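What follows is target_18.cif (mmCIF, C-alpha atoms).
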data_coords
#
loop_
_atom_site.group_PDB
_atom_site.id
_atom_site.type_symbol
_atom_site.label_atom_id
_atom_site.label_comp_id
_atom_site.auth_asym_id
_atom_site.auth_seq_id
_atom_site.Cartn_x
_atom_site.Cartn_y
_atom_site.Cartn_z
ATOM 1 C CA MET V 288 -107.877 -26.102 36.085
ATOM 2 C CA SER V 289 -109.806 -26.925 32.953
ATOM 3 C CA GLY V 290 -111.084 -30.318 31.955
ATOM 4 C CA VAL V 291 -108.193 -30.741 29.536
ATOM 5 C CA ASP V 292 -105.697 -30.104 32.344
ATOM 6 C CA TRP V 293 -107.409 -32.645 34.583
ATOM 7 C CA ALA V 294 -107.419 -35.195 31.765
ATOM 8 C CA MET V 295 -103.703 -34.642 31.013
ATOM 9 C CA ASP V 296 -102.674 -34.868 34.662
ATOM 10 C CA GLY V 297 -104.802 -37.956 35.154
ATOM 11 C CA ALA V 298 -103.270 -39.630 32.106
ATOM 12 C CA LEU V 299 -99.760 -38.842 33.376
ATOM 13 C CA ALA V 300 -100.614 -40.125 36.858
ATOM 14 C CA CYS V 301 -101.768 -43.431 35.372
ATOM 15 C CA ALA V 302 -99.137 -43.818 32.639
ATOM 16 C CA LEU V 303 -96.010 -43.102 34.700
ATOM 17 C CA PRO V 304 -96.476 -45.899 37.298
ATOM 18 C CA LEU V 305 -97.568 -48.297 34.539
ATOM 19 C CA LEU V 306 -94.468 -47.582 32.440
ATOM 20 C CA ALA V 307 -92.191 -47.812 35.484
ATOM 21 C CA TRP V 308 -93.684 -51.196 36.355
ATOM 22 C CA ARG V 309 -93.314 -52.451 32.779
ATOM 23 C CA VAL V 310 -89.655 -51.356 32.656
ATOM 24 C CA LEU V 311 -88.956 -53.385 35.796
ATOM 25 C CA VAL V 312 -90.782 -56.583 34.851
ATOM 26 C CA THR V 313 -90.020 -56.949 31.122
ATOM 27 C CA ASP V 314 -87.520 -59.655 30.167
ATOM 28 C CA ASP V 315 -86.708 -58.200 26.737
ATOM 29 C CA PRO V 316 -83.797 -55.686 27.013
ATOM 30 C CA PRO V 317 -84.627 -53.714 23.810
ATOM 31 C CA LYS V 318 -88.241 -53.421 24.898
ATOM 32 C CA ALA V 319 -87.142 -52.298 28.375
ATOM 33 C CA VAL V 320 -84.945 -49.563 26.869
ATOM 34 C CA VAL V 321 -87.799 -48.260 24.699
ATOM 35 C CA LEU V 322 -90.136 -48.248 27.710
ATOM 36 C CA PHE V 323 -87.487 -46.429 29.758
ATOM 37 C CA ILE V 324 -87.171 -43.702 27.107
ATOM 38 C CA ALA V 325 -90.965 -43.336 26.982
ATOM 39 C CA PHE V 326 -91.028 -43.109 30.784
ATOM 40 C CA GLY V 327 -88.400 -40.362 30.686
ATOM 41 C CA LEU V 328 -90.318 -38.349 28.106
ATOM 42 C CA LEU V 329 -93.518 -38.519 30.136
ATOM 43 C CA SER V 330 -91.532 -37.637 33.277
ATOM 44 C CA ALA V 331 -90.295 -34.495 31.542
ATOM 45 C CA VAL V 332 -93.885 -33.592 30.679
ATOM 46 C CA GLY V 333 -94.868 -34.255 34.302
ATOM 47 C CA TRP V 334 -92.170 -31.939 35.654
ATOM 48 C CA ALA V 335 -93.308 -29.256 33.226
ATOM 49 C CA ARG V 336 -96.884 -29.688 34.464
ATOM 50 C CA LEU V 337 -95.622 -29.234 38.035
ATOM 51 C CA GLY V 338 -94.047 -25.906 37.127
ATOM 52 C CA ALA V 339 -90.428 -27.106 37.192
ATOM 53 C CA PRO V 340 -89.155 -26.350 33.660
ATOM 54 C CA ASP V 341 -85.488 -26.654 34.687
ATOM 55 C CA VAL V 342 -85.991 -30.222 35.908
ATOM 56 C CA ALA V 343 -88.063 -30.986 32.804
ATOM 57 C CA LEU V 344 -85.253 -29.803 30.505
ATOM 58 C CA VAL V 345 -82.628 -31.891 32.320
ATOM 59 C CA GLU V 346 -84.914 -34.931 32.377
ATOM 60 C CA ALA V 347 -85.549 -34.666 28.642
ATOM 61 C CA ALA V 348 -81.893 -34.073 27.724
ATOM 62 C CA VAL V 349 -80.044 -36.266 30.235
ATOM 63 C CA GLY V 350 -82.530 -38.643 31.827
ATOM 64 C CA THR V 351 -84.119 -39.543 28.493
ATOM 65 C CA GLY V 352 -81.869 -38.556 25.582
ATOM 66 C CA PHE V 353 -78.374 -39.171 26.915
ATOM 67 C CA THR V 354 -79.200 -42.107 29.202
ATOM 68 C CA GLY V 355 -81.430 -43.643 26.537
ATOM 69 C CA ALA V 356 -78.598 -43.425 23.998
ATOM 70 C CA LEU V 357 -76.221 -45.086 26.462
ATOM 71 C CA LEU V 358 -78.667 -47.934 27.075
ATOM 72 C CA MET V 359 -79.248 -48.418 23.357
ATOM 73 C CA SER V 360 -75.505 -48.594 22.742
ATOM 74 C CA ALA V 361 -75.185 -51.110 25.589
ATOM 75 C CA LEU V 362 -77.642 -53.396 23.781
ATOM 76 C CA GLY V 363 -74.949 -54.083 21.186
ATOM 77 C CA TRP V 364 -72.708 -55.538 23.887
ATOM 78 C CA LEU V 365 -75.268 -58.054 25.104
ATOM 79 C CA ASP V 366 -74.860 -61.671 24.150
ATOM 80 C CA PRO V 367 -78.118 -62.881 22.514
ATOM 81 C CA ALA V 368 -77.452 -66.351 23.859
ATOM 82 C CA ARG V 369 -77.203 -65.085 27.424
ATOM 83 C CA ARG V 370 -80.003 -66.427 29.549
ATOM 84 C CA ALA V 371 -82.054 -63.994 31.567
ATOM 85 C CA PRO V 372 -81.536 -64.127 35.355
ATOM 86 C CA PRO V 373 -84.200 -66.003 37.316
ATOM 87 C CA PRO V 374 -87.067 -63.864 38.628
ATOM 88 C CA PRO V 375 -86.918 -62.857 42.311
ATOM 89 C CA SER V 376 -88.634 -65.056 44.811
ATOM 90 C CA ARG V 377 -91.748 -64.058 46.728
ATOM 91 C CA TYR V 378 -89.649 -63.399 49.812
ATOM 92 C CA GLN V 379 -87.350 -61.069 47.872
ATOM 93 C CA ARG V 380 -90.264 -59.194 46.310
ATOM 94 C CA ALA V 381 -91.989 -58.810 49.683
ATOM 95 C CA SER V 382 -88.782 -57.613 51.363
ATOM 96 C CA LEU V 383 -88.135 -55.068 48.620
ATOM 97 C CA SER V 384 -91.730 -53.825 48.757
ATOM 98 C CA LEU V 385 -91.523 -53.329 52.525
ATOM 99 C CA LEU V 386 -88.187 -51.542 52.190
ATOM 100 C CA LEU V 387 -89.540 -49.150 49.542
ATOM 101 C CA ALA V 388 -92.710 -48.518 51.554
ATOM 102 C CA GLY V 389 -90.631 -47.726 54.640
ATOM 103 C CA LEU V 390 -88.439 -45.363 52.651
ATOM 104 C CA ALA V 391 -91.513 -43.587 51.259
ATOM 105 C CA LEU V 392 -92.973 -43.199 54.750
ATOM 106 C CA LEU V 393 -89.680 -41.845 56.076
ATOM 107 C CA LEU V 394 -89.419 -39.268 53.301
ATOM 108 C CA GLY V 395 -93.020 -38.251 53.823
ATOM 109 C CA ALA V 396 -92.476 -37.841 57.558
ATOM 110 C CA VAL V 397 -89.427 -35.641 56.955
ATOM 111 C CA VAL V 398 -91.285 -33.428 54.462
ATOM 112 C CA PHE V 399 -94.360 -32.964 56.663
ATOM 113 C CA SER V 400 -92.229 -32.265 59.737
ATOM 114 C CA LEU V 401 -90.836 -29.101 58.127
ATOM 115 C CA PRO V 402 -92.207 -25.810 59.507
ATOM 116 C CA ASP V 403 -93.987 -24.876 56.263
ATOM 117 C CA PRO V 404 -93.373 -27.378 53.441
ATOM 118 C CA SER V 405 -95.404 -25.349 50.960
ATOM 119 C CA ARG V 406 -93.184 -22.277 51.209
ATOM 120 C CA GLY V 407 -89.728 -23.594 52.103
ATOM 121 C CA LEU V 408 -87.032 -20.956 51.645
ATOM 122 C CA ARG V 409 -88.818 -19.159 48.812
ATOM 123 C CA ASP V 410 -89.216 -15.837 50.575
ATOM 124 C CA GLU V 411 -85.608 -15.797 51.787
ATOM 125 C CA VAL V 412 -84.302 -16.544 48.286
ATOM 126 C CA LEU V 413 -86.440 -13.860 46.651
ATOM 127 C CA ALA V 414 -85.440 -11.306 49.282
ATOM 128 C CA ASN V 415 -81.726 -11.846 48.583
ATOM 129 C CA LEU V 416 -81.706 -12.061 44.773
ATOM 130 C CA ALA V 417 -80.225 -8.603 44.200
ATOM 131 C CA PRO V 418 -76.682 -9.346 45.522
ATOM 132 C CA THR V 419 -76.397 -12.365 43.183
ATOM 133 C CA GLY V 420 -76.743 -10.243 40.035
ATOM 134 C CA VAL V 421 -79.365 -12.577 38.502
ATOM 135 C CA SER V 422 -83.151 -12.464 38.623
ATOM 136 C CA TYR V 423 -83.903 -16.200 38.281
ATOM 137 C CA PRO V 424 -84.072 -17.957 41.681
ATOM 138 C CA VAL V 425 -82.787 -21.358 40.497
ATOM 139 C CA THR V 426 -79.582 -19.860 39.071
ATOM 140 C CA ALA V 427 -79.126 -17.758 42.214
ATOM 141 C CA VAL V 428 -79.420 -20.856 44.389
ATOM 142 C CA LEU V 429 -77.099 -23.014 42.274
ATOM 143 C CA LEU V 430 -74.268 -20.503 41.858
ATOM 144 C CA GLY V 431 -74.881 -18.131 44.736
ATOM 145 C CA PHE V 432 -76.477 -19.571 47.837
ATOM 146 C CA ARG V 433 -75.176 -23.133 47.483
ATOM 147 C CA GLY V 434 -72.147 -22.620 45.293
ATOM 148 C CA TYR V 435 -70.123 -25.145 47.324
ATOM 149 C CA ASP V 436 -72.556 -27.911 46.355
ATOM 150 C CA THR V 437 -72.499 -26.990 42.658
ATOM 151 C CA LEU V 438 -68.701 -26.828 42.638
ATOM 152 C CA LEU V 439 -68.477 -30.301 44.182
ATOM 153 C CA GLU V 440 -70.981 -31.614 41.616
ATOM 154 C CA ILE V 441 -68.739 -30.442 38.782
ATOM 155 C CA ILE V 442 -65.707 -32.078 40.378
ATOM 156 C CA VAL V 443 -67.671 -35.324 40.789
ATOM 157 C CA LEU V 444 -68.652 -35.222 37.092
ATOM 158 C CA LEU V 445 -65.029 -34.646 36.077
ATOM 159 C CA THR V 446 -63.863 -37.530 38.280
ATOM 160 C CA ALA V 447 -66.531 -39.803 36.787
ATOM 161 C CA ALA V 448 -65.443 -38.934 33.238
ATOM 162 C CA ILE V 449 -61.832 -39.748 34.093
ATOM 163 C CA GLY V 450 -62.911 -43.043 35.647
ATOM 164 C CA VAL V 451 -64.977 -44.015 32.602
ATOM 165 C CA GLN V 452 -62.173 -43.212 30.188
ATOM 166 C CA SER V 453 -59.709 -45.251 32.240
ATOM 167 C CA GLN V 454 -61.840 -48.332 31.523
ATOM 168 C CA VAL V 455 -62.297 -47.752 27.774
ATOM 169 C CA ARG V 456 -60.501 -50.196 25.495
ATOM 170 C CA PRO V 457 -60.190 -50.126 21.693
ATOM 171 C CA GLU V 458 -62.314 -53.248 21.379
ATOM 172 C CA ASP V 459 -65.175 -51.512 23.237
ATOM 173 C CA ALA V 460 -65.797 -49.144 20.298
ATOM 174 C CA LEU V 461 -69.306 -49.065 18.883
ATOM 175 C CA GLY V 462 -68.194 -50.049 15.409
ATOM 176 C CA ASP V 463 -67.171 -48.611 12.097
ATOM 177 C CA ALA V 464 -68.534 -45.085 11.736
ATOM 178 C CA THR V 465 -68.758 -45.509 7.948
ATOM 179 C CA ARG V 466 -71.631 -47.970 8.365
ATOM 180 C CA ALA V 467 -73.935 -45.078 9.227
ATOM 181 C CA GLY V 468 -74.401 -44.341 5.536
ATOM 182 C CA PRO V 469 -74.101 -41.052 3.661
ATOM 183 C CA LEU V 470 -77.380 -39.502 4.861
ATOM 184 C CA LEU V 471 -76.769 -39.457 8.615
ATOM 185 C CA PRO V 472 -73.611 -37.262 8.575
ATOM 186 C CA VAL V 473 -75.319 -34.716 6.315
ATOM 187 C CA LEU V 474 -78.401 -34.631 8.534
ATOM 188 C CA ILE V 475 -76.326 -34.174 11.683
ATOM 189 C CA ARG V 476 -74.304 -31.367 10.095
ATOM 190 C CA MET V 477 -77.592 -29.618 9.442
ATOM 191 C CA LEU V 478 -78.759 -30.131 13.026
ATOM 192 C CA ILE V 479 -75.564 -29.017 14.786
ATOM 193 C CA PRO V 480 -76.029 -25.239 14.199
ATOM 194 C CA GLY V 481 -79.527 -25.451 15.693
ATOM 195 C CA ILE V 482 -78.235 -27.454 18.654
ATOM 196 C CA VAL V 483 -75.521 -24.882 19.334
ATOM 197 C CA LEU V 484 -78.078 -22.070 19.026
ATOM 198 C CA VAL V 485 -80.454 -23.733 21.511
ATOM 199 C CA ALA V 486 -77.603 -24.374 23.945
ATOM 200 C CA GLY V 487 -76.488 -20.758 23.698
ATOM 201 C CA TYR V 488 -80.037 -19.523 24.305
ATOM 202 C CA LEU V 489 -80.443 -21.741 27.386
ATOM 203 C CA LEU V 490 -77.100 -20.513 28.724
ATOM 204 C CA TRP V 491 -77.976 -16.842 28.225
ATOM 205 C CA SER V 492 -81.546 -17.153 29.535
ATOM 206 C CA GLY V 493 -80.423 -18.858 32.750
ATOM 207 C CA ALA V 494 -79.948 -15.474 34.453
ATOM 208 C CA HIS V 495 -83.634 -14.568 34.202
ATOM 209 C CA ALA V 496 -85.558 -17.649 32.990
ATOM 210 C CA PRO V 497 -85.358 -21.477 32.995
ATOM 211 C CA GLY V 498 -82.006 -22.585 31.616
ATOM 212 C CA GLY V 499 -78.374 -22.406 32.646
ATOM 213 C CA ALA V 500 -75.148 -24.334 32.373
ATOM 214 C CA PHE V 501 -76.476 -27.826 33.077
ATOM 215 C CA GLN V 502 -79.290 -27.608 30.536
ATOM 216 C CA ALA V 503 -77.082 -25.955 27.898
ATOM 217 C CA GLY V 504 -74.265 -28.438 28.536
ATOM 218 C CA ALA V 505 -76.657 -31.385 28.176
ATOM 219 C CA ILE V 506 -77.912 -30.092 24.802
ATOM 220 C CA LEU V 507 -74.370 -29.375 23.581
ATOM 221 C CA GLY V 508 -73.179 -32.786 24.800
ATOM 222 C CA GLY V 509 -76.005 -34.423 22.854
ATOM 223 C CA GLY V 510 -74.781 -32.696 19.705
ATOM 224 C CA ALA V 511 -71.268 -33.974 20.332
ATOM 225 C CA ILE V 512 -72.597 -37.516 20.741
ATOM 226 C CA LEU V 513 -74.443 -37.227 17.412
ATOM 227 C CA LEU V 514 -71.178 -36.204 15.751
ATOM 228 C CA LEU V 515 -69.425 -39.208 17.298
ATOM 229 C CA LEU V 516 -72.141 -41.595 16.109
ATOM 230 C CA ALA V 517 -71.974 -40.260 12.562
ATOM 231 C CA GLY V 518 -68.181 -40.274 12.496
ATOM 232 C CA THR V 519 -68.075 -36.637 11.340
ATOM 233 C CA GLY V 520 -65.926 -35.450 14.241
ATOM 234 C CA PRO V 521 -62.573 -36.580 15.633
ATOM 235 C CA PRO V 522 -62.648 -39.272 18.322
ATOM 236 C CA LEU V 523 -62.462 -37.941 21.877
ATOM 237 C CA ARG V 524 -59.401 -39.174 23.734
ATOM 238 C CA MET V 525 -58.206 -38.150 27.172
ATOM 239 C CA SER V 526 -54.712 -37.648 25.718
ATOM 240 C CA SER V 527 -56.006 -34.796 23.526
ATOM 241 C CA THR V 528 -55.044 -31.300 24.707
ATOM 242 C CA VAL V 529 -58.380 -29.902 23.485
ATOM 243 C CA VAL V 530 -60.346 -32.528 25.416
ATOM 244 C CA ARG V 531 -58.393 -31.883 28.604
ATOM 245 C CA ALA V 532 -58.827 -28.134 28.262
ATOM 246 C CA ALA V 533 -62.582 -28.514 27.741
ATOM 247 C CA LEU V 534 -62.891 -30.784 30.775
ATOM 248 C CA LEU V 535 -60.903 -28.484 33.052
ATOM 249 C CA VAL V 536 -62.113 -25.042 31.958
ATOM 250 C CA GLY V 537 -65.332 -25.240 33.987
ATOM 251 C CA PRO V 538 -63.825 -26.320 37.329
ATOM 252 C CA ALA V 539 -60.835 -23.977 36.800
ATOM 253 C CA VAL V 540 -62.991 -20.883 36.202
ATOM 254 C CA PHE V 541 -65.309 -21.838 39.062
ATOM 255 C CA LEU V 542 -62.392 -22.307 41.473
ATOM 256 C CA ALA V 543 -60.815 -19.024 40.365
ATOM 257 C CA ALA V 544 -64.072 -17.125 40.910
ATOM 258 C CA ALA V 545 -64.558 -18.858 44.257
ATOM 259 C CA GLY V 546 -61.063 -18.075 45.548
ATOM 260 C CA ALA V 547 -60.619 -14.552 44.153
ATOM 261 C CA PRO V 548 -62.659 -12.862 46.938
ATOM 262 C CA LEU V 549 -60.131 -14.145 49.491
ATOM 263 C CA PHE V 550 -57.561 -11.676 48.163
ATOM 264 C CA ALA V 551 -59.999 -8.829 48.884
ATOM 265 C CA GLY V 552 -60.556 -9.941 52.472
ATOM 266 C CA LYS V 553 -63.915 -11.596 51.763
ATOM 267 C CA HIS V 554 -65.207 -15.140 52.005
ATOM 268 C CA VAL V 555 -65.035 -17.913 49.406
ATOM 269 C CA LEU V 556 -67.693 -17.499 46.697
ATOM 270 C CA GLU V 557 -68.588 -14.042 47.991
ATOM 271 C CA TYR V 558 -68.967 -12.263 44.674
ATOM 272 C CA PRO V 559 -68.848 -8.436 44.619
ATOM 273 C CA PRO V 560 -72.459 -7.324 43.973
ATOM 274 C CA GLU V 561 -71.466 -5.136 41.028
ATOM 275 C CA TRP V 562 -69.646 -8.047 39.357
ATOM 276 C CA ALA V 563 -71.871 -10.938 40.492
ATOM 277 C CA GLY V 564 -73.965 -11.176 37.316
ATOM 278 C CA ALA V 565 -70.959 -11.101 34.978
ATOM 279 C CA LEU V 566 -69.056 -13.623 37.111
ATOM 280 C CA ILE V 567 -71.983 -16.037 37.152
ATOM 281 C CA LEU V 568 -72.315 -15.772 33.364
ATOM 282 C CA CYS V 569 -68.572 -16.504 32.945
ATOM 283 C CA ILE V 570 -68.815 -19.472 35.318
ATOM 284 C CA GLU V 571 -71.856 -20.869 33.533
ATOM 285 C CA SER V 572 -70.237 -20.432 30.109
ATOM 286 C CA ALA V 573 -67.171 -22.397 31.221
ATOM 287 C CA LEU V 574 -69.323 -25.018 32.958
ATOM 288 C CA THR V 575 -71.364 -25.513 29.784
ATOM 289 C CA ILE V 576 -68.238 -26.541 27.875
ATOM 290 C CA SER V 577 -67.047 -28.894 30.622
ATOM 291 C CA ILE V 578 -70.466 -30.513 31.145
ATOM 292 C CA ALA V 579 -70.855 -31.098 27.400
ATOM 293 C CA MET V 580 -67.411 -32.702 27.196
ATOM 294 C CA VAL V 581 -68.030 -34.857 30.293
ATOM 295 C CA LEU V 582 -71.267 -36.217 28.809
ATOM 296 C CA ALA V 583 -69.546 -36.902 25.483
ATOM 297 C CA MET V 584 -66.725 -38.730 27.290
ATOM 298 C CA PHE V 585 -69.279 -41.005 28.978
ATOM 299 C CA PHE V 586 -70.427 -42.275 25.591
ATOM 300 C CA PRO V 587 -68.620 -45.294 24.121
ATOM 301 C CA PRO V 588 -66.156 -44.387 21.366
ATOM 302 C CA THR V 589 -66.699 -45.026 17.669
ATOM 303 C CA ARG V 590 -64.002 -46.447 15.461
ATOM 304 C CA HIS V 591 -62.860 -43.940 12.872
ATOM 305 C CA PRO V 592 -61.089 -45.749 10.024
ATOM 306 C CA ASP V 593 -58.402 -43.945 8.115
ATOM 307 C CA ARG V 594 -59.331 -42.252 4.841
ATOM 308 C CA ALA V 595 -57.321 -44.739 2.800
ATOM 309 C CA GLY V 596 -59.376 -47.574 4.233
ATOM 310 C CA VAL V 597 -62.627 -45.744 3.510
ATOM 311 C CA ARG V 598 -61.523 -45.048 -0.099
ATOM 312 C CA ALA V 599 -60.603 -48.716 -0.581
ATOM 313 C CA ARG V 600 -64.055 -49.828 0.595
ATOM 314 C CA GLU V 601 -65.750 -47.367 -1.748
ATOM 315 C CA GLU V 602 -63.689 -48.637 -4.662
ATOM 316 C CA ASP V 603 -64.584 -52.225 -3.777
ATOM 317 C CA ARG V 604 -68.274 -51.383 -3.721
ATOM 318 C CA ALA V 605 -67.990 -49.627 -7.107
#

Full structure transcribed into structure tokens:
Amino acid sequence: MSGVDWAMDGALACALPLLAWRVLVTDDPPKAVVLFIAFGLLSAVGWARLGAPDVALVEAAVGTGFTGALLMSALGWLDPARRAPPPPSRYQRASLSLLLAGLALLLGAVVFSLPDPSRGLRDEVLANLAPTGVSYPVTAVLLGFRGYDTLLEIIVLLTAAIGVQSQVRPEDALGDATRAGPLLPVLIRMLIPGIVLVAGYLLWSGAHAPGGAFQAGAILGGGAILLLLAGTGPPLRMSSTVVRAALLVGPAVFLAAAGAPLFAGKHVLEYPPEWAGALILCIESALTISIAMVLAMFFPPTRHPDRAGVRAREEDRA
């Protein structure tokens, strides 16, 4: 490693704990949200420095972008007159510190008790890549070797989206979309083609390089949230046939691909080697749509006034 690499890693090692501590101790919610977003961005850089580009992409798109947008929207619901909760007592801080230290020791003991923590299952994964039809180990693990886990994750995301939408009320909307001004919708319309292109590239490259359905879905979901904020797209409602189809296409295609081998006398998720690559691409394409819609459904709605109301406001301003 060069001196620049040592300096960058040292700066990250110092900045990440400092930002995490500041997020926890600050009493100002807007300041805490900004610090959280900065922490997420540096975390993405840290994962990239550790050679985990997939985790870095998800951290930047979901952990920082999407979660940061949710926290910023939640700031509008806070009552400025609300008093901050009292700080924890010394006994509470000491108990929490001991609990976290014990958890860290337990995790460390589990990791170092493994036969060879440095290698893990790397050799076994690389030796069995061919039957999966893809050349990138992360994609092979997610949709081949532990397909059950990935399928359950998608079902959990779908259930969470349904639960969030069941709690949404009209008065919880972010506000009038026309207040964004004329520049924001134009800017977002210019950005959307690039967002779709990046999402498509990440989806296609997932078979042989960092990327895949989760990263592509997070990018595409971010574009949908931008459209909602600018009021340039229709509001997303669970009663919409298009919304329901987008939410269900991923789990439906995944379940169909998982159960189809049973009719050929094989096991669940046992893809035919000659069709494995194409099946994984179809599954990831469908999952990208569902993940993007799930993330968009998590975001609070925006009120979209009717065109007559917008025209009346414009005439009043003139």

Which residues match the PyMOL selection byres ((chain V and resi 511) around 9) in the file above, as a PDB file with C-alpha atoms, keeping the file's coordinate frame?
ATOM      1  CA  ILE V 479     -75.564 -29.017  14.786  1.00  0.00           C
ATOM      2  CA  ILE V 506     -77.912 -30.092  24.802  1.00  0.00           C
ATOM      3  CA  LEU V 507     -74.370 -29.375  23.581  1.00  0.00           C
ATOM      4  CA  GLY V 508     -73.179 -32.786  24.800  1.00  0.00           C
ATOM      5  CA  GLY V 509     -76.005 -34.423  22.854  1.00  0.00           C
ATOM      6  CA  GLY V 510     -74.781 -32.696  19.705  1.00  0.00           C
ATOM      7  CA  ILE V 512     -72.597 -37.516  20.741  1.00  0.00           C
ATOM      8  CA  LEU V 513     -74.443 -37.227  17.412  1.00  0.00           C
ATOM      9  CA  LEU V 514     -71.178 -36.204  15.751  1.00  0.00           C
ATOM     10  CA  LEU V 515     -69.425 -39.208  17.298  1.00  0.00           C
ATOM     11  CA  LEU V 516     -72.141 -41.595  16.109  1.00  0.00           C
ATOM     12  CA  GLY V 520     -65.926 -35.450  14.241  1.00  0.00           C
ATOM     13  CA  ALA V 579     -70.855 -31.098  27.400  1.00  0.00           C
ATOM     14  CA  MET V 580     -67.411 -32.702  27.196  1.00  0.00           C
ATOM     15  CA  LEU V 582     -71.267 -36.217  28.809  1.00  0.00           C
ATOM     16  CA  ALA V 583     -69.546 -36.902  25.483  1.00  0.00           C
TER      17      ALA V 583
END

Between V:Trp334, V:Trp364, V:Phe326, V:Phe586, single out the one closest to Thr351 in chain V, counting only C-alpha atoms.
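Smallest separation from Thr351 in chain V among the options: V:Phe326.
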
Grab the CA of Ala532 in chain V to CA of Ser577 in chain V distance for me, in Å with one decimal place.
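According to the coordinates, CA of Ala532 in chain V and CA of Ser577 in chain V are separated by 8.6 Å.
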
Which polymer residues have any atom within 7 Å of an atom of Gln502 in chain V, counting all atoms listed in the file, with same-chain residues fewer than 2 positions away left out, as a list in words?
Leu344, Val345, Leu489, Gly498, Gly499, Ala500, Gly504, Ala505 and Ile506 of chain V

Carefully work through the PyMOL selection byres ((chain V and resi 424) around 10) for this structure and note down the residues it includes, as a list in words.
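Matching residues under the PyMOL selection byres ((chain V and resi 424) around 10) are Arg409, Val412, Leu413, Asn415, Leu416, Thr419, Val421, Ser422, Tyr423, Val425, Thr426, Ala427, Val428, Leu429, Gly431, Phe432, Gly493, Ala494, His495, Ala496 and Pro497 of chain V.
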
Would you write out those residues with C-alpha atoms, as a tab-separated table (two decimals), keeping the file's coordinate frame?
chain	number	residue	atom	x	y	z
V	409	ARG	CA	-88.82	-19.16	48.81
V	412	VAL	CA	-84.30	-16.54	48.29
V	413	LEU	CA	-86.44	-13.86	46.65
V	415	ASN	CA	-81.73	-11.85	48.58
V	416	LEU	CA	-81.71	-12.06	44.77
V	419	THR	CA	-76.40	-12.36	43.18
V	421	VAL	CA	-79.36	-12.58	38.50
V	422	SER	CA	-83.15	-12.46	38.62
V	423	TYR	CA	-83.90	-16.20	38.28
V	425	VAL	CA	-82.79	-21.36	40.50
V	426	THR	CA	-79.58	-19.86	39.07
V	427	ALA	CA	-79.13	-17.76	42.21
V	428	VAL	CA	-79.42	-20.86	44.39
V	429	LEU	CA	-77.10	-23.01	42.27
V	431	GLY	CA	-74.88	-18.13	44.74
V	432	PHE	CA	-76.48	-19.57	47.84
V	493	GLY	CA	-80.42	-18.86	32.75
V	494	ALA	CA	-79.95	-15.47	34.45
V	495	HIS	CA	-83.63	-14.57	34.20
V	496	ALA	CA	-85.56	-17.65	32.99
V	497	PRO	CA	-85.36	-21.48	32.99

Between CA of Ala307 in chain V and CA of Pro375 in chain V lies a distance of 17.3 Å

Quick one: residues within 7 Å of range 445-450 of chain V, only C-alpha atoms counted, chain neighbours fewer than 4 positions away excluded, as a ChimeraX atom specification?
/V:441,454,534,581,584-585

Answer key for the PyMOL selection byres ((chain V and resi 309) around 12), residues as a list in words
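So the PyMOL selection byres ((chain V and resi 309) around 12) ends up selecting Ala302, Leu303, Pro304, Leu305, Leu306, Ala307, Trp308, Val310, Leu311, Val312, Thr313, Asp314, Asp315, Pro316, Lys318, Ala319, Val320, Val321, Leu322, Phe323, Ala325 and Phe326 of chain V.
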
Could you save those same residues with C-alpha atoms as a PDB file, in the frame of the given file?
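Saved the output as out_19.pdb:
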ATOM      1  CA  ALA V 302     -99.137 -43.818  32.639  1.00  0.00           C
ATOM      2  CA  LEU V 303     -96.010 -43.102  34.700  1.00  0.00           C
ATOM      3  CA  PRO V 304     -96.476 -45.899  37.298  1.00  0.00           C
ATOM      4  CA  LEU V 305     -97.568 -48.297  34.539  1.00  0.00           C
ATOM      5  CA  LEU V 306     -94.468 -47.582  32.440  1.00  0.00           C
ATOM      6  CA  ALA V 307     -92.191 -47.812  35.484  1.00  0.00           C
ATOM      7  CA  TRP V 308     -93.684 -51.196  36.355  1.00  0.00           C
ATOM      8  CA  VAL V 310     -89.655 -51.356  32.656  1.00  0.00           C
ATOM      9  CA  LEU V 311     -88.956 -53.385  35.796  1.00  0.00           C
ATOM     10  CA  VAL V 312     -90.782 -56.583  34.851  1.00  0.00           C
ATOM     11  CA  THR V 313     -90.020 -56.949  31.122  1.00  0.00           C
ATOM     12  CA  ASP V 314     -87.520 -59.655  30.167  1.00  0.00           C
ATOM     13  CA  ASP V 315     -86.708 -58.200  26.737  1.00  0.00           C
ATOM     14  CA  PRO V 316     -83.797 -55.686  27.013  1.00  0.00           C
ATOM     15  CA  LYS V 318     -88.241 -53.421  24.898  1.00  0.00           C
ATOM     16  CA  ALA V 319     -87.142 -52.298  28.375  1.00  0.00           C
ATOM     17  CA  VAL V 320     -84.945 -49.563  26.869  1.00  0.00           C
ATOM     18  CA  VAL V 321     -87.799 -48.260  24.699  1.00  0.00           C
ATOM     19  CA  LEU V 322     -90.136 -48.248  27.710  1.00  0.00           C
ATOM     20  CA  PHE V 323     -87.487 -46.429  29.758  1.00  0.00           C
ATOM     21  CA  ALA V 325     -90.965 -43.336  26.982  1.00  0.00           C
ATOM     22  CA  PHE V 326     -91.028 -43.109  30.784  1.00  0.00           C
TER      23      PHE V 326
END

Please compute the CA of Gly327 in chain V-CA of Gly350 in chain V distance, one decimal, in Å.
6.2 Å

Name the residues in contact with range 475-478 of chain V at a cut-off of 9 Å, using all atoms listed in the file, excluding same-chain residues fewer than 3 positions from it; report them as a PyMOL selection string.
chain V and resi 470-472+481-483+510+513-514+517+519

Closest to Ala335 in chain V among V:Ser376, V:Met295, V:Thr575, V:Thr354, using only C-alpha atoms?
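Ranking V:Ser376, V:Met295, V:Thr575, V:Thr354 by distance to Ala335 in chain V, first place goes to V:Met295.
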
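Between Leu365 in chain V and the candidates V:Val397, V:Glu411, V:Leu387, V:Pro317, the tightest atom-to-atom separation, counting only C-alpha atoms, involves V:Pro317.
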